[in-house]
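A.B. asks: Input file: protein_4.cif. Contents: mmCIF, C-alpha atoms.
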```cif
data_work
#
loop_
_atom_site.label_atom_id
_atom_site.label_comp_id
_atom_site.auth_asym_id
_atom_site.auth_seq_id
_atom_site.Cartn_x
_atom_site.Cartn_y
_atom_site.Cartn_z
CA MET A 1167 6.69 -23.90 31.71
CA ASP A 1168 3.98 -26.46 31.20
CA PHE A 1169 5.56 -28.80 28.67
CA GLU A 1170 2.72 -31.26 28.86
CA LEU A 1171 0.27 -28.62 27.65
CA MET A 1172 2.65 -27.73 24.83
CA ILE A 1173 2.86 -31.34 23.68
CA ASN A 1174 -0.86 -31.90 24.06
CA SER A 1175 -1.88 -28.78 22.19
CA PHE A 1176 0.56 -29.34 19.34
CA PRO A 1177 -1.64 -31.77 17.31
CA LYS A 1178 -4.70 -29.54 17.79
CA LEU A 1179 -2.80 -26.49 16.63
CA LEU A 1180 -1.27 -28.39 13.72
CA ASN A 1181 -4.75 -29.39 12.60
CA ALA A 1182 -5.87 -25.78 12.83
CA ALA A 1183 -2.85 -24.76 10.77
CA LEU A 1184 -4.35 -26.77 7.91
CA ILE A 1185 -7.38 -24.47 7.98
CA THR A 1186 -5.03 -21.49 7.96
CA LEU A 1187 -3.25 -22.91 4.93
CA LYS A 1188 -6.55 -23.62 3.18
CA LEU A 1189 -7.77 -20.07 3.79
CA LEU A 1190 -4.43 -18.72 2.64
CA SER A 1191 -4.16 -20.71 -0.57
CA VAL A 1192 -7.74 -20.13 -1.73
CA SER A 1193 -7.56 -16.38 -1.05
CA LEU A 1194 -4.18 -16.10 -2.73
CA ILE A 1195 -5.37 -17.80 -5.90
CA VAL A 1196 -8.54 -15.72 -6.13
CA GLY A 1197 -6.59 -12.61 -5.08
CA LEU A 1198 -4.00 -13.15 -7.79
CA PHE A 1199 -6.68 -13.03 -10.48
CA ILE A 1200 -8.31 -9.97 -8.91
CA GLY A 1201 -4.91 -8.34 -8.67
CA LEU A 1202 -4.01 -9.09 -12.27
CA PHE A 1203 -7.37 -7.79 -13.44
CA PHE A 1204 -7.02 -4.50 -11.57
CA ALA A 1205 -3.37 -4.11 -12.55
CA ILE A 1206 -4.44 -4.27 -16.18
CA LEU A 1207 -7.18 -1.71 -15.49
CA ARG A 1208 -4.58 0.54 -13.86
CA LEU A 1209 -2.57 0.53 -17.09
CA ASN A 1210 -5.63 1.48 -19.11
CA LYS A 1211 -5.48 4.94 -20.65
CA ASN A 1212 -9.12 5.69 -19.95
CA ILE A 1213 -9.05 7.95 -16.89
CA PHE A 1214 -12.28 6.59 -15.38
CA ILE A 1215 -11.23 2.96 -15.56
CA ASN A 1216 -7.84 3.97 -14.26
CA ARG A 1217 -9.28 5.94 -11.36
CA PHE A 1218 -11.70 3.17 -10.50
CA ALA A 1219 -8.87 0.65 -10.17
CA TYR A 1220 -6.84 3.12 -8.15
CA GLY A 1221 -9.80 3.78 -5.85
CA TYR A 1222 -10.22 0.06 -5.25
CA SER A 1223 -6.64 -0.44 -4.22
CA TYR A 1224 -6.60 2.78 -2.17
CA VAL A 1225 -9.66 1.82 -0.14
CA PHE A 1226 -8.56 -1.74 0.52
CA ARG A 1227 -5.01 -0.74 1.40
CA GLY A 1228 -6.09 2.21 3.54
CA THR A 1229 -8.50 0.36 5.84
CA PRO A 1230 -7.81 -2.45 8.29
CA LEU A 1231 -8.54 -5.98 7.14
CA LEU A 1232 -10.71 -6.42 10.23
CA VAL A 1233 -13.12 -3.72 9.03
CA GLN A 1234 -13.32 -5.38 5.63
CA ILE A 1235 -14.20 -8.76 7.14
CA PHE A 1236 -16.81 -7.22 9.42
CA ILE A 1237 -18.44 -5.30 6.58
CA ILE A 1238 -18.70 -8.45 4.50
CA TYR A 1239 -19.69 -10.84 7.29
CA PHE A 1240 -21.94 -8.66 9.47
CA GLY A 1241 -22.80 -5.85 7.07
CA LEU A 1242 -23.84 -7.55 3.85
CA GLY A 1243 -26.29 -9.83 5.62
CA GLN A 1244 -28.27 -6.75 6.50
CA ILE A 1245 -29.26 -6.08 2.90
CA GLU A 1246 -32.62 -7.78 2.50
CA TYR A 1247 -32.25 -8.16 -1.23
CA LEU A 1248 -29.03 -10.16 -0.89
CA ARG A 1249 -30.70 -12.61 1.43
CA SER A 1250 -33.10 -13.62 -1.31
CA THR A 1251 -30.44 -14.26 -3.96
CA VAL A 1252 -28.19 -17.24 -4.57
CA LEU A 1253 -25.30 -15.20 -3.20
CA TRP A 1254 -26.70 -15.69 0.28
CA VAL A 1255 -25.63 -19.34 0.25
CA ILE A 1256 -22.05 -18.06 0.16
CA LEU A 1257 -22.43 -14.96 2.31
CA LYS A 1258 -23.97 -16.68 5.28
CA GLU A 1259 -20.87 -18.85 5.68
CA PRO A 1260 -18.11 -17.23 7.73
CA TYR A 1261 -15.60 -19.31 5.79
CA TRP A 1262 -16.52 -17.76 2.43
CA CYS A 1263 -16.92 -14.29 3.89
CA ALA A 1264 -13.39 -14.50 5.24
CA ILE A 1265 -12.11 -15.72 1.89
CA ILE A 1266 -13.88 -12.91 0.01
CA ALA A 1267 -12.40 -10.32 2.37
CA PHE A 1268 -8.91 -11.83 2.17
CA ALA A 1269 -9.04 -12.16 -1.60
CA LEU A 1270 -10.19 -8.57 -2.11
CA ASN A 1271 -7.54 -7.36 0.31
CA THR A 1272 -4.64 -9.28 -1.17
CA GLY A 1273 -5.99 -8.43 -4.63
CA ALA A 1274 -5.51 -4.73 -3.88
CA TYR A 1275 -1.90 -5.20 -2.80
CA THR A 1276 -1.19 -7.61 -5.64
CA SER A 1277 -2.54 -5.15 -8.19
CA GLU A 1278 -0.06 -2.53 -6.95
CA ILE A 1279 2.80 -5.02 -7.07
CA LEU A 1280 1.93 -6.18 -10.59
CA ARG A 1281 1.31 -2.65 -11.85
CA SER A 1282 4.75 -1.49 -10.82
CA ALA A 1283 6.20 -4.66 -12.32
CA PHE A 1284 4.48 -3.97 -15.65
CA GLN A 1285 5.72 -0.41 -15.60
CA THR A 1286 9.33 -1.42 -15.08
CA ILE A 1287 9.37 -3.62 -18.18
CA LYS A 1288 11.71 -1.93 -20.64
CA PRO A 1289 9.80 -0.61 -23.69
CA GLY A 1290 12.53 -2.10 -25.88
CA ILE A 1291 11.35 -5.60 -25.04
CA ILE A 1292 7.82 -4.86 -26.20
CA GLU A 1293 9.14 -3.08 -29.31
CA ALA A 1294 11.30 -6.10 -30.08
CA GLY A 1295 8.22 -8.27 -29.90
CA LYS A 1296 6.32 -5.95 -32.20
CA SER A 1297 9.09 -5.78 -34.77
CA LEU A 1298 9.13 -9.56 -34.87
CA GLY A 1299 5.50 -9.36 -35.94
CA ILE A 1300 4.04 -10.87 -32.78
CA SER A 1301 0.46 -9.82 -32.11
CA ASN A 1302 -0.28 -7.50 -29.18
CA LYS A 1303 -2.22 -10.20 -27.38
CA ILE A 1304 0.63 -12.68 -27.53
CA ILE A 1305 3.14 -10.00 -26.54
CA PHE A 1306 1.03 -9.37 -23.47
CA TYR A 1307 0.51 -13.00 -22.47
CA LYS A 1308 3.85 -14.45 -23.51
CA ILE A 1309 6.22 -11.56 -22.87
CA GLN A 1310 4.82 -8.96 -20.50
CA ILE A 1311 3.10 -11.25 -18.00
CA PRO A 1312 6.04 -13.64 -17.49
CA ILE A 1313 8.48 -10.76 -17.04
CA ALA A 1314 6.10 -8.97 -14.68
CA ILE A 1315 5.69 -12.11 -12.59
CA ARG A 1316 9.44 -12.50 -12.29
CA GLN A 1317 9.84 -8.82 -11.36
CA SER A 1318 7.19 -8.99 -8.70
CA LEU A 1319 8.32 -12.21 -7.01
CA PRO A 1320 10.17 -10.62 -4.06
CA ALA A 1321 7.35 -8.18 -3.26
CA TYR A 1322 4.74 -10.89 -3.79
CA GLY A 1323 6.60 -13.18 -1.39
CA ASN A 1324 6.22 -10.50 1.28
CA GLU A 1325 2.56 -10.19 0.44
CA ILE A 1326 2.06 -13.96 0.88
CA ILE A 1327 3.60 -13.76 4.36
CA LEU A 1328 1.50 -10.70 5.25
CA MET A 1329 -1.58 -12.54 4.02
CA MET A 1330 -0.72 -15.61 6.06
CA LYS A 1331 -0.66 -13.38 9.12
CA GLY A 1332 -3.89 -11.77 7.92
CA THR A 1333 -5.73 -15.10 7.90
CA SER A 1334 -5.51 -15.01 11.70
CA LEU A 1335 -8.39 -12.53 11.57
CA ALA A 1336 -10.67 -15.35 10.44
CA SER A 1337 -10.81 -16.24 14.12
CA THR A 1338 -12.83 -13.06 14.74
CA VAL A 1339 -15.69 -14.44 12.64
CA THR A 1340 -15.89 -17.75 14.51
CA LEU A 1341 -13.52 -19.75 12.28
CA MET A 1342 -11.18 -22.01 14.18
CA ASP A 1343 -7.93 -21.38 12.37
CA LEU A 1344 -4.52 -21.56 14.04
CA THR A 1345 -5.00 -18.30 15.94
CA GLY A 1346 -8.60 -19.17 16.81
CA VAL A 1347 -7.62 -22.49 18.35
CA ALA A 1348 -4.62 -20.89 20.09
CA LYS A 1349 -6.91 -18.29 21.63
CA TYR A 1350 -9.33 -20.98 22.71
CA ILE A 1351 -6.59 -22.98 24.42
CA ILE A 1352 -5.19 -19.84 26.08
CA SER A 1353 -8.56 -18.78 27.42
CA THR A 1354 -9.31 -22.22 28.86
CA THR A 1355 -5.88 -22.93 30.37
CA PHE A 1356 -4.54 -19.41 31.04
CA LYS A 1357 -1.13 -20.46 29.82
CA PRO A 1358 -0.51 -17.80 27.13
CA ILE A 1359 3.25 -18.20 26.86
CA GLU A 1360 3.27 -21.95 26.23
CA VAL A 1361 0.55 -21.74 23.60
CA PHE A 1362 2.18 -18.71 21.99
CA ILE A 1363 5.45 -20.60 21.63
CA VAL A 1364 3.78 -23.56 19.92
CA ALA A 1365 1.39 -21.59 17.70
CA GLY A 1366 4.01 -18.94 16.94
CA GLY A 1367 6.46 -21.70 16.10
CA ILE A 1368 4.05 -23.19 13.56
CA TYR A 1369 3.52 -19.76 12.00
CA LEU A 1370 7.26 -19.15 11.87
CA PHE A 1371 7.78 -22.52 10.24
CA MET A 1372 5.23 -21.64 7.54
CA THR A 1373 6.89 -18.23 7.05
CA PHE A 1374 10.23 -19.98 6.71
CA ILE A 1375 8.90 -22.38 4.06
CA ILE A 1376 7.21 -19.62 2.05
CA HIS A 1377 10.32 -17.46 2.25
CA ASN A 1378 12.51 -20.24 0.90
CA VAL A 1379 10.12 -21.29 -1.85
CA ILE A 1380 10.04 -17.70 -3.09
CA LYS A 1381 13.81 -17.48 -2.89
CA PHE A 1382 14.11 -20.68 -4.91
CA LEU A 1383 11.67 -19.38 -7.54
CA GLU A 1384 13.56 -16.09 -7.73
CA LYS A 1385 16.76 -17.95 -8.44
CA LYS A 1386 15.12 -20.26 -10.92
CA TYR A 1387 13.57 -17.45 -12.92
CA SER A 1388 16.40 -14.95 -12.56
CA PHE A 1389 17.55 -13.27 -15.76
CA ASN A 1390 21.15 -14.27 -15.44
CA MET B 1349 -27.53 10.70 9.38
CA GLU B 1350 -29.24 10.91 12.77
CA LEU B 1351 -27.30 7.81 13.75
CA LEU B 1352 -24.24 10.02 13.77
CA ALA B 1353 -25.76 12.85 15.81
CA PHE B 1354 -23.76 14.14 18.74
CA GLY B 1355 -25.32 13.74 22.17
CA ASP B 1356 -27.58 11.02 23.49
CA THR B 1357 -29.50 10.38 20.30
CA GLY B 1358 -26.63 9.39 18.04
CA TRP B 1359 -23.20 7.85 17.97
CA GLY B 1360 -21.32 10.90 16.69
CA ASP B 1361 -19.60 11.91 19.90
CA GLU B 1362 -18.78 8.31 20.83
CA LEU B 1363 -17.21 7.69 17.45
CA PHE B 1364 -15.33 10.96 17.65
CA ARG B 1365 -13.85 9.98 21.01
CA ALA B 1366 -13.08 6.53 19.62
CA THR B 1367 -11.20 8.12 16.73
CA LEU B 1368 -9.12 10.16 19.17
CA MET B 1369 -8.43 6.91 21.04
CA THR B 1370 -7.24 5.23 17.83
CA ILE B 1371 -4.91 8.16 17.17
CA ALA B 1372 -3.64 8.09 20.77
CA VAL B 1373 -2.94 4.34 20.67
CA SER B 1374 -1.26 4.59 17.27
CA ILE B 1375 1.05 7.39 18.35
CA THR B 1376 1.90 5.70 21.67
CA ALA B 1377 2.56 2.42 19.89
CA MET B 1378 4.72 4.14 17.30
CA LEU B 1379 6.79 5.82 20.04
CA ILE B 1380 7.15 2.54 21.96
CA GLY B 1381 8.21 1.03 18.64
CA PHE B 1382 10.86 3.73 18.20
CA SER B 1383 12.27 2.96 21.62
CA PHE B 1384 12.48 -0.72 20.71
CA ALA B 1385 14.11 0.26 17.43
CA ALA B 1386 16.59 2.46 19.32
CA ILE B 1387 17.66 -0.63 21.28
CA PHE B 1388 17.61 -3.22 18.52
CA THR B 1389 18.99 -1.26 15.54
CA PRO B 1390 22.43 -0.87 17.20
CA LEU B 1391 22.30 -4.58 18.07
CA LYS B 1392 21.58 -5.42 14.45
CA LEU B 1393 24.51 -3.33 13.25
CA SER B 1394 26.83 -4.51 15.99
CA LYS B 1395 30.05 -6.36 15.22
CA PHE B 1396 29.19 -9.05 17.76
CA LYS B 1397 27.41 -12.07 16.32
CA SER B 1398 25.50 -12.81 19.51
CA LEU B 1399 24.01 -9.32 19.62
CA ASN B 1400 23.03 -9.63 15.95
CA LEU B 1401 21.32 -12.89 16.79
CA ILE B 1402 19.22 -11.35 19.59
CA ALA B 1403 18.02 -8.55 17.31
CA ASN B 1404 17.36 -10.96 14.45
CA ILE B 1405 15.27 -13.22 16.67
CA TYR B 1406 13.19 -10.21 17.72
CA THR B 1407 12.48 -8.95 14.21
CA THR B 1408 11.98 -12.39 12.66
CA VAL B 1409 9.61 -13.69 15.32
CA ILE B 1410 7.51 -10.54 15.47
CA ARG B 1411 7.30 -10.17 11.71
CA GLY B 1412 6.53 -13.85 11.16
CA VAL B 1413 3.74 -14.25 13.72
CA PRO B 1414 0.25 -12.75 13.32
CA GLU B 1415 -0.40 -9.51 15.15
CA LEU B 1416 -3.53 -10.96 16.70
CA LEU B 1417 -1.54 -13.76 18.34
CA VAL B 1418 0.87 -11.23 19.85
CA ILE B 1419 -2.08 -9.23 21.16
CA TYR B 1420 -3.60 -12.33 22.77
CA LEU B 1421 -0.23 -13.09 24.37
CA PHE B 1422 -0.17 -9.66 25.96
CA PHE B 1423 -3.85 -9.58 26.77
CA PHE B 1424 -3.83 -12.91 28.60
CA GLY B 1425 -0.23 -12.89 29.74
CA GLY B 1426 0.37 -9.21 30.48
CA SER B 1427 -0.89 -8.96 34.04
CA GLY B 1428 0.58 -12.36 34.87
CA ALA B 1429 4.04 -11.21 33.81
CA ILE B 1430 3.77 -7.92 35.71
CA MET B 1431 2.54 -9.72 38.81
CA PHE B 1432 5.41 -12.17 38.56
CA VAL B 1433 7.91 -9.31 38.48
CA ALA B 1434 6.07 -7.52 41.30
CA SER B 1435 6.08 -10.66 43.45
CA MET B 1436 9.86 -10.74 43.26
CA PHE B 1437 9.78 -7.37 44.99
CA GLY B 1438 7.39 -8.68 47.59
CA TYR B 1439 4.14 -7.27 46.17
CA ASN B 1440 1.50 -9.97 45.96
CA GLU B 1441 -1.74 -8.11 45.26
CA TYR B 1442 -3.61 -8.61 42.02
CA ILE B 1443 -2.51 -6.15 39.36
CA GLU B 1444 -4.61 -5.38 36.34
CA ILE B 1445 -3.08 -3.37 33.53
CA ASN B 1446 -5.56 -1.44 31.49
CA ALA B 1447 -6.35 -2.19 27.87
CA PHE B 1448 -4.66 0.97 26.63
CA VAL B 1449 -1.28 0.01 28.06
CA THR B 1450 -1.53 -3.63 26.94
CA GLY B 1451 -2.68 -2.63 23.49
CA SER B 1452 -0.10 0.07 22.88
CA PHE B 1453 2.62 -2.21 24.14
CA ALA B 1454 1.58 -5.13 21.93
CA ILE B 1455 1.26 -2.95 18.83
CA GLY B 1456 4.40 -1.05 19.85
CA ILE B 1457 6.50 -4.21 19.88
CA ILE B 1458 5.20 -5.13 16.43
CA SER B 1459 5.77 -1.62 15.09
CA GLY B 1460 9.26 -1.66 16.66
CA ALA B 1461 10.26 -4.71 14.65
CA TYR B 1462 9.37 -2.96 11.40
CA SER B 1463 11.02 0.30 12.51
CA THR B 1464 14.21 -1.58 13.40
CA GLU B 1465 14.41 -2.92 9.86
CA VAL B 1466 13.77 0.54 8.42
CA PHE B 1467 16.46 2.23 10.54
CA ARG B 1468 18.94 -0.54 9.82
CA GLY B 1469 18.37 -0.14 6.11
CA ALA B 1470 18.66 3.64 6.34
CA ILE B 1471 21.92 3.60 8.28
CA GLN B 1472 23.41 1.00 5.99
CA SER B 1473 22.65 3.06 2.93
CA ILE B 1474 24.43 6.16 4.25
CA ASP B 1475 27.71 6.58 2.41
CA LYS B 1476 30.62 5.12 4.38
CA GLY B 1477 32.61 8.30 3.77
CA GLN B 1478 30.21 10.21 6.00
CA PHE B 1479 31.13 8.08 9.02
CA GLU B 1480 34.82 8.41 8.22
CA ALA B 1481 34.61 12.15 7.63
CA ALA B 1482 32.81 12.63 10.93
CA LYS B 1483 35.53 10.68 12.70
CA VAL B 1484 38.35 12.52 10.97
CA LEU B 1485 36.87 15.90 11.86
CA GLY B 1486 37.15 14.94 15.50
CA PHE B 1487 33.46 14.91 16.40
CA SER B 1488 32.61 13.11 19.59
CA LYS B 1489 30.75 9.79 19.21
CA PHE B 1490 27.52 11.43 20.32
CA LYS B 1491 27.88 14.36 17.93
CA GLN B 1492 28.84 12.06 15.07
CA PHE B 1493 25.54 10.31 15.44
CA TYR B 1494 23.35 13.22 16.43
CA LYS B 1495 24.59 15.84 13.96
CA ILE B 1496 25.74 13.83 10.99
CA ILE B 1497 24.27 10.35 10.84
CA LEU B 1498 20.81 10.98 12.29
CA PRO B 1499 19.69 13.76 9.90
CA GLN B 1500 20.79 11.76 6.87
CA MET B 1501 19.23 8.61 8.26
CA LEU B 1502 15.89 10.33 8.81
CA ARG B 1503 15.74 11.50 5.22
CA LEU B 1504 16.18 7.94 4.01
CA ALA B 1505 13.92 6.45 6.67
CA ILE B 1506 10.88 8.70 6.43
CA PRO B 1507 9.26 7.16 3.34
CA ASN B 1508 9.51 3.69 4.87
CA LEU B 1509 8.50 4.90 8.30
CA SER B 1510 5.33 6.22 6.76
CA ASN B 1511 4.57 2.63 5.74
CA VAL B 1512 5.25 1.50 9.30
CA TRP B 1513 2.88 4.20 10.53
CA GLN B 1514 0.15 2.94 8.18
CA ILE B 1515 0.65 -0.63 9.36
CA THR B 1516 0.58 0.51 12.99
CA LEU B 1517 -2.55 2.59 12.50
CA LYS B 1518 -4.37 -0.32 10.90
CA ASP B 1519 -3.09 -2.79 13.50
CA THR B 1520 -4.71 -0.77 16.28
CA SER B 1521 -8.07 -2.04 15.00
CA LEU B 1522 -7.05 -5.46 16.37
CA ILE B 1523 -6.88 -4.12 19.92
CA SER B 1524 -10.66 -3.99 19.81
CA VAL B 1525 -10.59 -7.69 20.79
CA THR B 1526 -9.28 -6.64 24.20
CA GLY B 1527 -12.20 -4.30 24.77
CA LEU B 1528 -10.42 -0.97 24.36
CA VAL B 1529 -12.96 1.43 22.91
CA GLU B 1530 -11.35 2.62 19.71
CA ILE B 1531 -12.99 2.99 16.28
CA MET B 1532 -13.53 -0.73 15.71
CA ARG B 1533 -14.86 -1.49 19.19
CA GLN B 1534 -17.15 1.55 19.17
CA SER B 1535 -18.55 0.56 15.77
CA TYR B 1536 -19.10 -2.95 17.10
CA ILE B 1537 -21.05 -1.57 20.07
CA ALA B 1538 -23.04 0.82 17.87
CA ALA B 1539 -23.74 -1.88 15.30
CA GLY B 1540 -24.94 -4.21 18.03
CA SER B 1541 -27.34 -1.77 19.62
CA THR B 1542 -28.78 -0.29 16.41
CA ARG B 1543 -28.68 -3.50 14.34
CA ASP B 1544 -27.10 -1.53 11.55
CA PRO B 1545 -23.66 -3.13 11.12
CA LEU B 1546 -23.35 -2.21 7.44
CA PHE B 1547 -23.58 1.48 8.16
CA PHE B 1548 -21.29 1.55 11.19
CA TYR B 1549 -18.57 -0.68 9.79
CA SER B 1550 -18.58 1.29 6.55
CA PHE B 1551 -18.33 4.47 8.58
CA ALA B 1552 -15.41 2.95 10.49
CA ALA B 1553 -13.76 2.25 7.14
CA VAL B 1554 -14.26 5.90 6.16
CA LEU B 1555 -12.71 7.05 9.44
CA TYR B 1556 -9.65 4.86 8.86
CA LEU B 1557 -9.35 6.11 5.29
CA LEU B 1558 -9.52 9.67 6.55
CA LEU B 1559 -6.81 8.98 9.13
CA THR B 1560 -4.49 7.35 6.61
CA PHE B 1561 -5.13 10.12 4.09
CA LEU B 1562 -4.49 12.96 6.52
CA SER B 1563 -1.41 11.35 8.04
CA MET B 1564 0.04 10.78 4.57
CA LYS B 1565 -0.34 14.51 3.86
CA LEU B 1566 1.50 15.33 7.08
CA ILE B 1567 4.26 12.84 6.43
CA ASN B 1568 4.78 14.18 2.93
CA LYS B 1569 5.45 17.58 4.48
CA LEU B 1570 8.02 16.03 6.81
CA GLU B 1571 9.60 14.30 3.86
CA VAL B 1572 10.05 17.63 2.09
CA LYS B 1573 11.50 19.15 5.25
CA TYR B 1574 14.09 16.43 5.68
CA SER B 1575 15.16 16.32 2.07
CA ARG B 1576 16.25 19.94 2.01
CA GLY B 1577 19.42 20.20 0.01
CA TYR B 1578 18.72 17.15 -2.14
#
```
Could you spell out this file's structure in structure tokens?

C.D. replies:
Amino acid sequence: MDFELMINSFPKLLNAALITLKLLSVSLIVGLFIGLFFAILRLNKNIFINRFAYGYSYVFRGTPLLVQIFIIYFGLGQIEYLRSTVLWVILKEPYWCAIIAFALNTGAYTSEILRSAFQTIKPGIIEAGKSLGISNKIIFYKIQIPIAIRQSLPAYGNEIILMMKGTSLASTVTLMDLTGVAKYIISTTFKPIEVFIVAGGIYLFMTFIIHNVIKFLEKKYSFN
Amino acid sequence: MELLAFGDTGWGDELFRATLMTIAVSITAMLIGFSFAAIFTPLKLSKFKSLNLIANIYTTVIRGVPELLVIYLFFFGGSGAIMFVASMFGYNEYIEINAFVTGSFAIGIISGAYSTEVFRGAIQSIDKGQFEAAKVLGFSKFKQFYKIILPQMLRLAIPNLSNVWQITLKDTSLISVTGLVEIMRQSYIAAGSTRDPLFFYSFAAVLYLLLTFLSMKLINKLEVKYSRGY
């Protein structure tokens, strides 16, 4: 055991963990909106809209995240037209490409989580809202969405942890996140176990925090 | 389309072989995972706190750390660990383990952590009366498990195991970083030499979709088979 290496690499890895957290939080926020949007489409009665939303979540859940990042980072740059548009400013940056891939990926899972949450809302609650003369829009925003969010908290907590692990793939497109820096240190020192313990420990600590925050929120917003 | 031709002109046969490799790694990893689950599920359900702790450390660490990090650990640390063990037996030559073994083992350990959780959940949700009835009827310990608990456990576990299979299948794409030529690595090579990454990565996505779709069909059949009588 090379304890000196462990102590020396700790600040570097901790710094890299900030990038991981940044990637995670931005993709989660964007992904939440994408997920909500597609969950609403899934509940639409129009079969084409419905199918489209289902297709989106099927494709993004059925393929590895790595493929999605590579298509966006390496693939989209190939389209000549895109290079001439404003979008290129974003797409040439590995940072934004990773975020787009992560957001689309977590959006697909989130849409499934929210959809099932919407579907488990008892019809009586919506009927109660209607009989009180509340408009459909307000029923949706003030009754359905808050209940759905509460219902989906446990599953969404899992998704956050999965996504945190997913951000490690950013290292494959040259970003130096926690895994990227860990790999760099391993390949220069050939001390995989020491670095794994430190980097893995930081990841576990983040998992632990997320897990407990979700647990706290679940308790806070529980029905009883 | 000619990019996908079989033979020397296209990448069809290479990608086909790569797909078979992905399937082979996934199945091997899944089986390695089952063997890990066979060890750790009893530990999880054991009455002894210390055994519980060992199993909990395994599942928590593996499920809380990115797959890629685990793969790097095995990729860079695998031969070192084997050589260390070999040196204790007096063998000091350099040993290199191939990418297939490293990859399946890394993914297998990850898959095993998920399988352990699935089996634990399945056993715990079997009615307690079943265990008692098996005991009362005088079945041997082995028969109790093999004839009574296992079939019921499988019925409950299969839907969740199909999720584990999907995760495992998708995780194999990460082994491409170690150089094993599976779908992802082959697409990377093809994309590099034809300068057509969009096409090859999209095609890789289609291959993965096809694999997940077909395996879901198969698993659904299994699910029907094991829920006979329900």

A.B. asks: Near A:Phe1199, within 12 Å and counting all atoms listed in the file, which residues show up once chain neighbours fewer than 4 positions away are dropped, as a VMD selection string?

C.D. replies: chain A and resid 1192 to 1195 1203 to 1206 1269 to 1270 1272 to 1277 1280

A.B. asks: What is the atom CA of B:Lys1569 to atom CA of B:Ala1385 distance in Å?

C.D. replies: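 Going from atom CA of B:Lys1569 over to atom CA of B:Ala1385 covers 23.3 Å.
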
A.B. asks: Considering all atoms listed in the file, tabulate each residue of chain B that lies at most 9 Å from chain A along with its nearest interatomic pair and the corresponding distance in Å to one decimal; arrange the rows by chain and ascending residue number and present them as a Markdown table.

C.D. replies:
```
| residue | atom | partner | partner_atom | distance |
| --- | --- | --- | --- | --- |
| B:Thr1408 | CA | A:Leu1370 | CA | 8.3 |
| B:Val1409 | CA | A:Leu1370 | CA | 6.9 |
| B:Arg1411 | CA | A:Leu1328 | CA | 8.7 |
| B:Gly1412 | CA | A:Leu1370 | CA | 5.4 |
| B:Val1413 | CA | A:Gly1366 | CA | 5.7 |
| B:Pro1414 | CA | A:Lys1331 | CA | 4.3 |
| B:Glu1415 | CA | A:Lys1331 | CA | 7.2 |
| B:Leu1416 | CA | A:Ser1334 | CA | 6.7 |
| B:Leu1417 | CA | A:Thr1345 | CA | 6.2 |
| B:Val1418 | CA | A:Phe1362 | CA | 7.9 |
| B:Tyr1420 | CA | A:Lys1349 | CA | 6.9 |
| B:Leu1421 | CA | A:Pro1358 | CA | 5.5 |
| B:Phe1422 | CA | A:Pro1358 | CA | 8.2 |
| B:Phe1423 | CA | A:Pro1358 | CA | 8.9 |
| B:Phe1424 | CA | A:Pro1358 | CA | 6.1 |
| B:Gly1425 | CA | A:Pro1358 | CA | 5.6 |
| B:Gln1514 | CA | A:Gly1228 | CA | 7.8 |
| B:Ile1515 | CA | A:Pro1230 | CA | 8.7 |
| B:Leu1517 | CA | A:Pro1230 | CA | 8.4 |
| B:Lys1518 | CA | A:Pro1230 | CA | 4.8 |
| B:Asp1519 | CA | A:Pro1230 | CA | 7.0 |
| B:Thr1520 | CA | A:Pro1230 | CA | 8.7 |
| B:Ser1521 | CA | A:Pro1230 | CA | 6.7 |
| B:Leu1522 | CA | A:Leu1232 | CA | 7.2 |
| B:Val1525 | CA | A:Thr1338 | CA | 8.4 |
| B:Met1532 | CA | A:Val1233 | CA | 7.3 |
| B:Arg1543 | CA | A:Gln1244 | CA | 8.5 |
| B:Asp1544 | CA | A:Gln1244 | CA | 7.4 |
| B:Pro1545 | CA | A:Gly1241 | CA | 5.0 |
| B:Leu1546 | CA | A:Gly1241 | CA | 3.7 |
| B:Phe1547 | CA | A:Gly1241 | CA | 7.5 |
| B:Phe1548 | CA | A:Gly1241 | CA | 8.6 |
| B:Tyr1549 | CA | A:Ile1237 | CA | 5.6 |
| B:Ser1550 | CA | A:Ile1237 | CA | 6.6 |
| B:Ala1552 | CA | A:Val1233 | CA | 7.2 |
| B:Ala1553 | CA | A:Thr1229 | CA | 5.7 |
| B:Val1554 | CA | A:Thr1229 | CA | 8.0 |
| B:Leu1555 | CA | A:Thr1229 | CA | 8.7 |
| B:Tyr1556 | CA | A:Thr1229 | CA | 5.5 |
| B:Leu1557 | CA | A:Gly1228 | CA | 5.4 |
| B:Leu1558 | CA | A:Gly1228 | CA | 8.7 |
| B:Leu1559 | CA | A:Gly1228 | CA | 8.8 |
| B:Thr1560 | CA | A:Gly1228 | CA | 6.2 |
| B:Phe1561 | CA | A:Gly1228 | CA | 8.0 |
```

A.B. asks: Tell me, in Å to one decimal, how far atom CA of B:Ile1380 is from atom CA of B:Gly1451.

C.D. replies: 11.2 Å

A.B. asks: Assuming 6 Å of padding per side, give the centre and edge lengths of the axis-aligned box around every listed atom of stretch 1479-1498 of chain B, in Å to one decimal and as JSON.

C.D. replies:
```
{"center_x": 29.6, "center_y": 12.0, "center_z": 14.0, "size_x": 29.5, "size_y": 19.8, "size_z": 24.7}
```

A.B. asks: Which residues, named as in the file, does the PyMOL selection byres ((chain A and resi 1285-1295) around 8) pick out? Answer as a PyMOL selection string.

C.D. replies: chain A and resi 1281-1284+1296-1300+1305+1309-1310+1313-1314
